[in-house]
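Here's the structure we're looking at; comments come further down.
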Amino acid sequence: MTPREVYDATDFEAIRAFLKSPNLEGRCFERKEHRQPEALAQTVSAFANSNPEGGLLIIGITDRDLKIVGVNRPSGTAATPINKMLRYPEYLVENPSEYRLISLTDDEGHSNQMLLIYVNFSPRRVIELTNRAAYERRGDQTILLRDEEKNELRFTKGQKSFEDECAAPYESVLLAEEPLQQWTRAIIARNNLQFPHTSRDLLINKHLVVEAGGKLHWSYAGVLLFAADPKKYLPGAYVRFLRYDGKVEQYGTQQNLVKDETFAGALPLLLERVRSFVRTQVREFSYLGPEGRFVEEAEYPEFVWDEAIVNALVHRSYSFQNVPIFIKMFDDHLEVISPGDYPLGVRPGYFIHNPRNPNLMEVMRSLQHVKMAQEGTRRMFQLMHEAGLPEPEYSPPGLPTVKVVLRNDIERKRKR
């Protein structure tokens, strides 16, 4: 059952066993005997910030033996009074929750009540307490966010846009002229512009150059796309390729790293350099086909590994300013690991078009590096299936990185 379905249930006896199930607590459910109002507010913040499915606090069940004791407790007990618990909204800057008291018979056979607090997901704002603290749900834990984590969550929710923030004064940035001129020509041609437009005009129009304090500045999207050395402004704006001899990464005396390459530069140029290099690392296998001719078969379909890399470059969280993208190649699989969780509303199996970096992505699309919404991901699955390979694997949401794994079925190919 979902949190909303449990909250809306009209027959308590129908959900009694569910509420007492040992493994109930997790990302969407928390169960307590009683709680101080500020602690309730912390969990409300965590559910609202983390769970598209919402969250449910169930108050009136003991932690250890899962007895239903309700919230109407005799005076003099250590339990927090219900009227005090219901003051939890006073600790929130804004309250995304609703509550209800349901009548029931507790496990001692007495008439009692249970408090259910349903928390709506907050898609566009970070829900904070009045002391400016904010929380996140990780498994069955409510975790206080550090300031940098809270800021990253604002970027993820679109409350703030990292790519639009000022990176450097306009005149101070040494440019990579080739991609800038290519993009300028593409924009003029696509929009059939008839009068002269400078690159600066177009950069301002596309929010890649912004005004602050009466002066022009490059945005972070702008320097990533067109600065000769984006690492000067974002130290993690590079790709590191690691190749291992074997199927797992080993350390110390068993260390099996055989290649370590780093790629940096303006994003369109960086992408081409990475593409060219990875192409040299993907193996080709030859086998005798049914018609008696030798057939060449790539380790992975080129479109698939290329799309995984493009997605990492355009969708990663650049607010993780010191963290690069990793490409790790093993004997039997390839990993592409990018900083940041999935963009808001996106998760494995549900790849909607909601780019974290829309201005950056639009430039890459103008340069024909990016496919339309969902097209690339669908084709990745299709081509892996046609090649007789397993589907791409995606890491679950709620982690500090997104990992895509491609498997190559190496044993079958070697036996051919």
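Chains: A, B, ... in order of the structure tokens. Residues: from 1 per chain. Ligands: from 1, in order shown.
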List every residue of segment 74-180 of chain A that has an atom at most 8 Å from any atom of segment 7-24 of chain A, giving for each one its closest atom pair and the distance in Å to one decimal, counting only C-alpha atoms, sorted by chain and then by ascending residue number, as a Markdown table.
```
| residue | atom | partner | partner_atom | distance |
| --- | --- | --- | --- | --- |
| A:Ile102 | CA | A:Phe12 | CA | 7.7 |
| A:Leu104 | CA | A:Phe12 | CA | 7.0 |
| A:Leu116 | CA | A:Tyr7 | CA | 6.7 |
| A:Ile117 | CA | A:Tyr7 | CA | 7.8 |
| A:Tyr118 | CA | A:Tyr7 | CA | 6.5 |
```
Exercise for review: Name the residues in contact with Glu128 of chain A at a cut-off of 8 Å, using only C-alpha atoms, excluding same-chain residues fewer than 5 positions from it; report them as a PyMOL selection string.
Suggested key: chain A and resi 45+92-94+133-135
If we count only C-alpha atoms, what is near Gln36 of chain A at a cut-off of 12 Å, once residues fewer than 6 positions away on the same chain are taken out, given as a tab-separated table (two decimals) with N, CA and C atoms, in the first residue's frame?
```tsv
chain	number	residue	atom	x	y	z
A	42	GLN	N	10.70	17.36	11.92
A	42	GLN	CA	11.90	16.93	11.20
A	42	GLN	C	11.57	15.81	10.21
A	43	THR	N	10.74	14.86	10.63
A	43	THR	CA	10.37	13.78	9.73
A	43	THR	C	9.47	14.28	8.61
A	59	ILE	N	1.66	7.25	14.57
A	59	ILE	CA	1.98	7.50	15.97
A	59	ILE	C	0.98	6.74	16.84
A	78	ALA	N	5.10	8.84	30.55
A	78	ALA	CA	6.16	9.59	29.86
A	78	ALA	C	5.77	9.97	28.44
A	79	ALA	N	4.65	9.48	27.96
A	79	ALA	CA	4.25	9.73	26.58
A	79	ALA	C	3.93	11.21	26.37
A	80	THR	N	4.26	11.71	25.19
A	80	THR	CA	3.96	13.10	24.83
A	80	THR	C	2.45	13.24	24.62
A	81	PRO	N	1.80	14.19	25.24
A	81	PRO	CA	0.36	14.36	25.07
A	81	PRO	C	0.01	14.66	23.60
A	82	ILE	N	-1.14	14.20	23.17
A	82	ILE	CA	-1.55	14.38	21.78
A	82	ILE	C	-1.67	15.86	21.43
A	83	ASN	N	-2.18	16.68	22.35
A	83	ASN	CA	-2.33	18.11	22.01
A	83	ASN	C	-0.97	18.78	21.83
A	84	LYS	N	0.05	18.26	22.47
A	84	LYS	CA	1.40	18.79	22.26
A	84	LYS	C	1.96	18.32	20.92
A	85	MET	N	1.74	17.03	20.60
A	85	MET	CA	2.25	16.51	19.32
A	85	MET	C	1.65	17.27	18.14
A	86	LEU	N	0.38	17.65	18.25
A	86	LEU	CA	-0.30	18.32	17.15
A	86	LEU	C	0.19	19.75	16.93
A	87	ARG	N	1.14	20.19	17.73
A	87	ARG	CA	1.73	21.51	17.52
A	87	ARG	C	2.94	21.44	16.57
A	88	TYR	N	3.18	20.26	15.96
A	88	TYR	CA	4.37	20.12	15.09
A	88	TYR	C	4.41	21.15	13.95
A	89	PRO	N	3.26	21.59	13.36
A	89	PRO	CA	3.36	22.57	12.27
A	89	PRO	C	4.00	23.90	12.69
A	91	TYR	N	6.69	24.30	14.04
A	91	TYR	CA	8.14	24.21	13.86
A	91	TYR	C	8.54	24.23	12.38
```
Point to revise | strand (DSSP E) residues, from DSSP on the backbone, in segment 50-133 of chain A, as a list in words | key: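 Of segment 50-133 of chain A, only Gly55, Leu56, Leu57, Ile58, Ile59, Ser97, Glu98, Tyr99, Arg100, Leu101, Ile102, Ser103, Leu104, Thr105, Ser111, Asn112, Gln113, Met114, Leu115, Leu116, Ile117, Tyr118 and Val119 of chain A fall in strand (DSSP E).
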For those residues, write N, CA and C atoms to a file as a PDB file, in the first residue's frame.
```
ATOM      1  N   GLY A  55       4.822  10.555   2.281  1.00  0.00           N
ATOM      2  CA  GLY A  55       5.262   9.782   3.437  1.00  0.00           C
ATOM      3  C   GLY A  55       4.187   9.758   4.497  1.00  0.00           C
ATOM      4  N   LEU A  56       4.265   8.767   5.395  1.00  0.00           N
ATOM      5  CA  LEU A  56       3.249   8.624   6.436  1.00  0.00           C
ATOM      6  C   LEU A  56       3.912   8.367   7.780  1.00  0.00           C
ATOM      7  N   LEU A  57       3.601   9.202   8.765  1.00  0.00           N
ATOM      8  CA  LEU A  57       3.999   8.974  10.151  1.00  0.00           C
ATOM      9  C   LEU A  57       2.830   8.330  10.876  1.00  0.00           C
ATOM     10  N   ILE A  58       3.110   7.255  11.585  1.00  0.00           N
ATOM     11  CA  ILE A  58       2.097   6.498  12.318  1.00  0.00           C
ATOM     12  C   ILE A  58       2.469   6.586  13.790  1.00  0.00           C
ATOM     13  N   ILE A  59       1.661   7.250  14.566  1.00  0.00           N
ATOM     14  CA  ILE A  59       1.983   7.496  15.969  1.00  0.00           C
ATOM     15  C   ILE A  59       0.985   6.745  16.837  1.00  0.00           C
ATOM     16  N   SER A  97       1.815  18.941   5.204  1.00  0.00           N
ATOM     17  CA  SER A  97       1.202  17.715   5.729  1.00  0.00           C
ATOM     18  C   SER A  97      -0.249  17.935   6.127  1.00  0.00           C
ATOM     19  N   GLU A  98      -0.905  16.835   6.384  1.00  0.00           N
ATOM     20  CA  GLU A  98      -2.253  16.825   6.941  1.00  0.00           C
ATOM     21  C   GLU A  98      -2.314  15.671   7.939  1.00  0.00           C
ATOM     22  N   TYR A  99      -3.223  15.732   8.902  1.00  0.00           N
ATOM     23  CA  TYR A  99      -3.273  14.652   9.884  1.00  0.00           C
ATOM     24  C   TYR A  99      -4.716  14.252  10.152  1.00  0.00           C
ATOM     25  N   ARG A 100      -4.842  13.056  10.688  1.00  0.00           N
ATOM     26  CA  ARG A 100      -6.155  12.603  11.148  1.00  0.00           C
ATOM     27  C   ARG A 100      -5.959  11.709  12.368  1.00  0.00           C
ATOM     28  N   LEU A 101      -6.940  11.725  13.259  1.00  0.00           N
ATOM     29  CA  LEU A 101      -6.987  10.821  14.402  1.00  0.00           C
ATOM     30  C   LEU A 101      -8.033   9.754  14.104  1.00  0.00           C
ATOM     31  N   ILE A 102      -7.613   8.509  14.140  1.00  0.00           N
ATOM     32  CA  ILE A 102      -8.572   7.433  13.852  1.00  0.00           C
ATOM     33  C   ILE A 102      -8.879   6.669  15.133  1.00  0.00           C
ATOM     34  N   SER A 103     -10.142   6.388  15.317  1.00  0.00           N
ATOM     35  CA  SER A 103     -10.584   5.652  16.502  1.00  0.00           C
ATOM     36  C   SER A 103     -10.303   4.171  16.311  1.00  0.00           C
ATOM     37  N   LEU A 104      -9.907   3.511  17.406  1.00  0.00           N
ATOM     38  CA  LEU A 104      -9.557   2.090  17.320  1.00  0.00           C
ATOM     39  C   LEU A 104      -9.630   1.471  18.701  1.00  0.00           C
ATOM     40  N   THR A 105      -9.491   0.181  18.721  1.00  0.00           N
ATOM     41  CA  THR A 105      -9.317  -0.558  19.976  1.00  0.00           C
ATOM     42  C   THR A 105      -7.866  -0.956  20.056  1.00  0.00           C
ATOM     43  N   SER A 111     -10.629   1.541  24.192  1.00  0.00           N
ATOM     44  CA  SER A 111     -10.915   2.497  23.122  1.00  0.00           C
ATOM     45  C   SER A 111      -9.812   3.547  23.103  1.00  0.00           C
ATOM     46  N   ASN A 112      -9.331   3.860  21.910  1.00  0.00           N
ATOM     47  CA  ASN A 112      -8.171   4.736  21.827  1.00  0.00           C
ATOM     48  C   ASN A 112      -8.163   5.407  20.457  1.00  0.00           C
ATOM     49  N   GLN A 113      -7.097   6.130  20.173  1.00  0.00           N
ATOM     50  CA  GLN A 113      -6.916   6.767  18.877  1.00  0.00           C
ATOM     51  C   GLN A 113      -5.479   6.604  18.408  1.00  0.00           C
ATOM     52  N   MET A 114      -5.300   6.668  17.115  1.00  0.00           N
ATOM     53  CA  MET A 114      -3.967   6.667  16.516  1.00  0.00           C
ATOM     54  C   MET A 114      -3.844   7.909  15.655  1.00  0.00           C
ATOM     55  N   LEU A 115      -2.654   8.523  15.666  1.00  0.00           N
ATOM     56  CA  LEU A 115      -2.387   9.716  14.864  1.00  0.00           C
ATOM     57  C   LEU A 115      -1.686   9.314  13.576  1.00  0.00           C
ATOM     58  N   LEU A 116      -2.268   9.695  12.448  1.00  0.00           N
ATOM     59  CA  LEU A 116      -1.637   9.504  11.150  1.00  0.00           C
ATOM     60  C   LEU A 116      -1.339  10.888  10.560  1.00  0.00           C
ATOM     61  N   ILE A 117      -0.106  11.082  10.160  1.00  0.00           N
ATOM     62  CA  ILE A 117       0.296  12.338   9.506  1.00  0.00           C
ATOM     63  C   ILE A 117       0.760  12.002   8.097  1.00  0.00           C
ATOM     64  N   TYR A 118       0.005  12.452   7.114  1.00  0.00           N
ATOM     65  CA  TYR A 118       0.403  12.243   5.718  1.00  0.00           C
ATOM     66  C   TYR A 118       1.161  13.469   5.224  1.00  0.00           C
ATOM     67  N   VAL A 119       2.306  13.231   4.593  1.00  0.00           N
ATOM     68  CA  VAL A 119       3.175  14.306   4.121  1.00  0.00           C
ATOM     69  C   VAL A 119       3.195  14.308   2.599  1.00  0.00           C
TER      70      VAL A 119
END
```
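Atom CA of Ala167 of chain A lies 9.6 Å from atom CA of Val209 of chain A.
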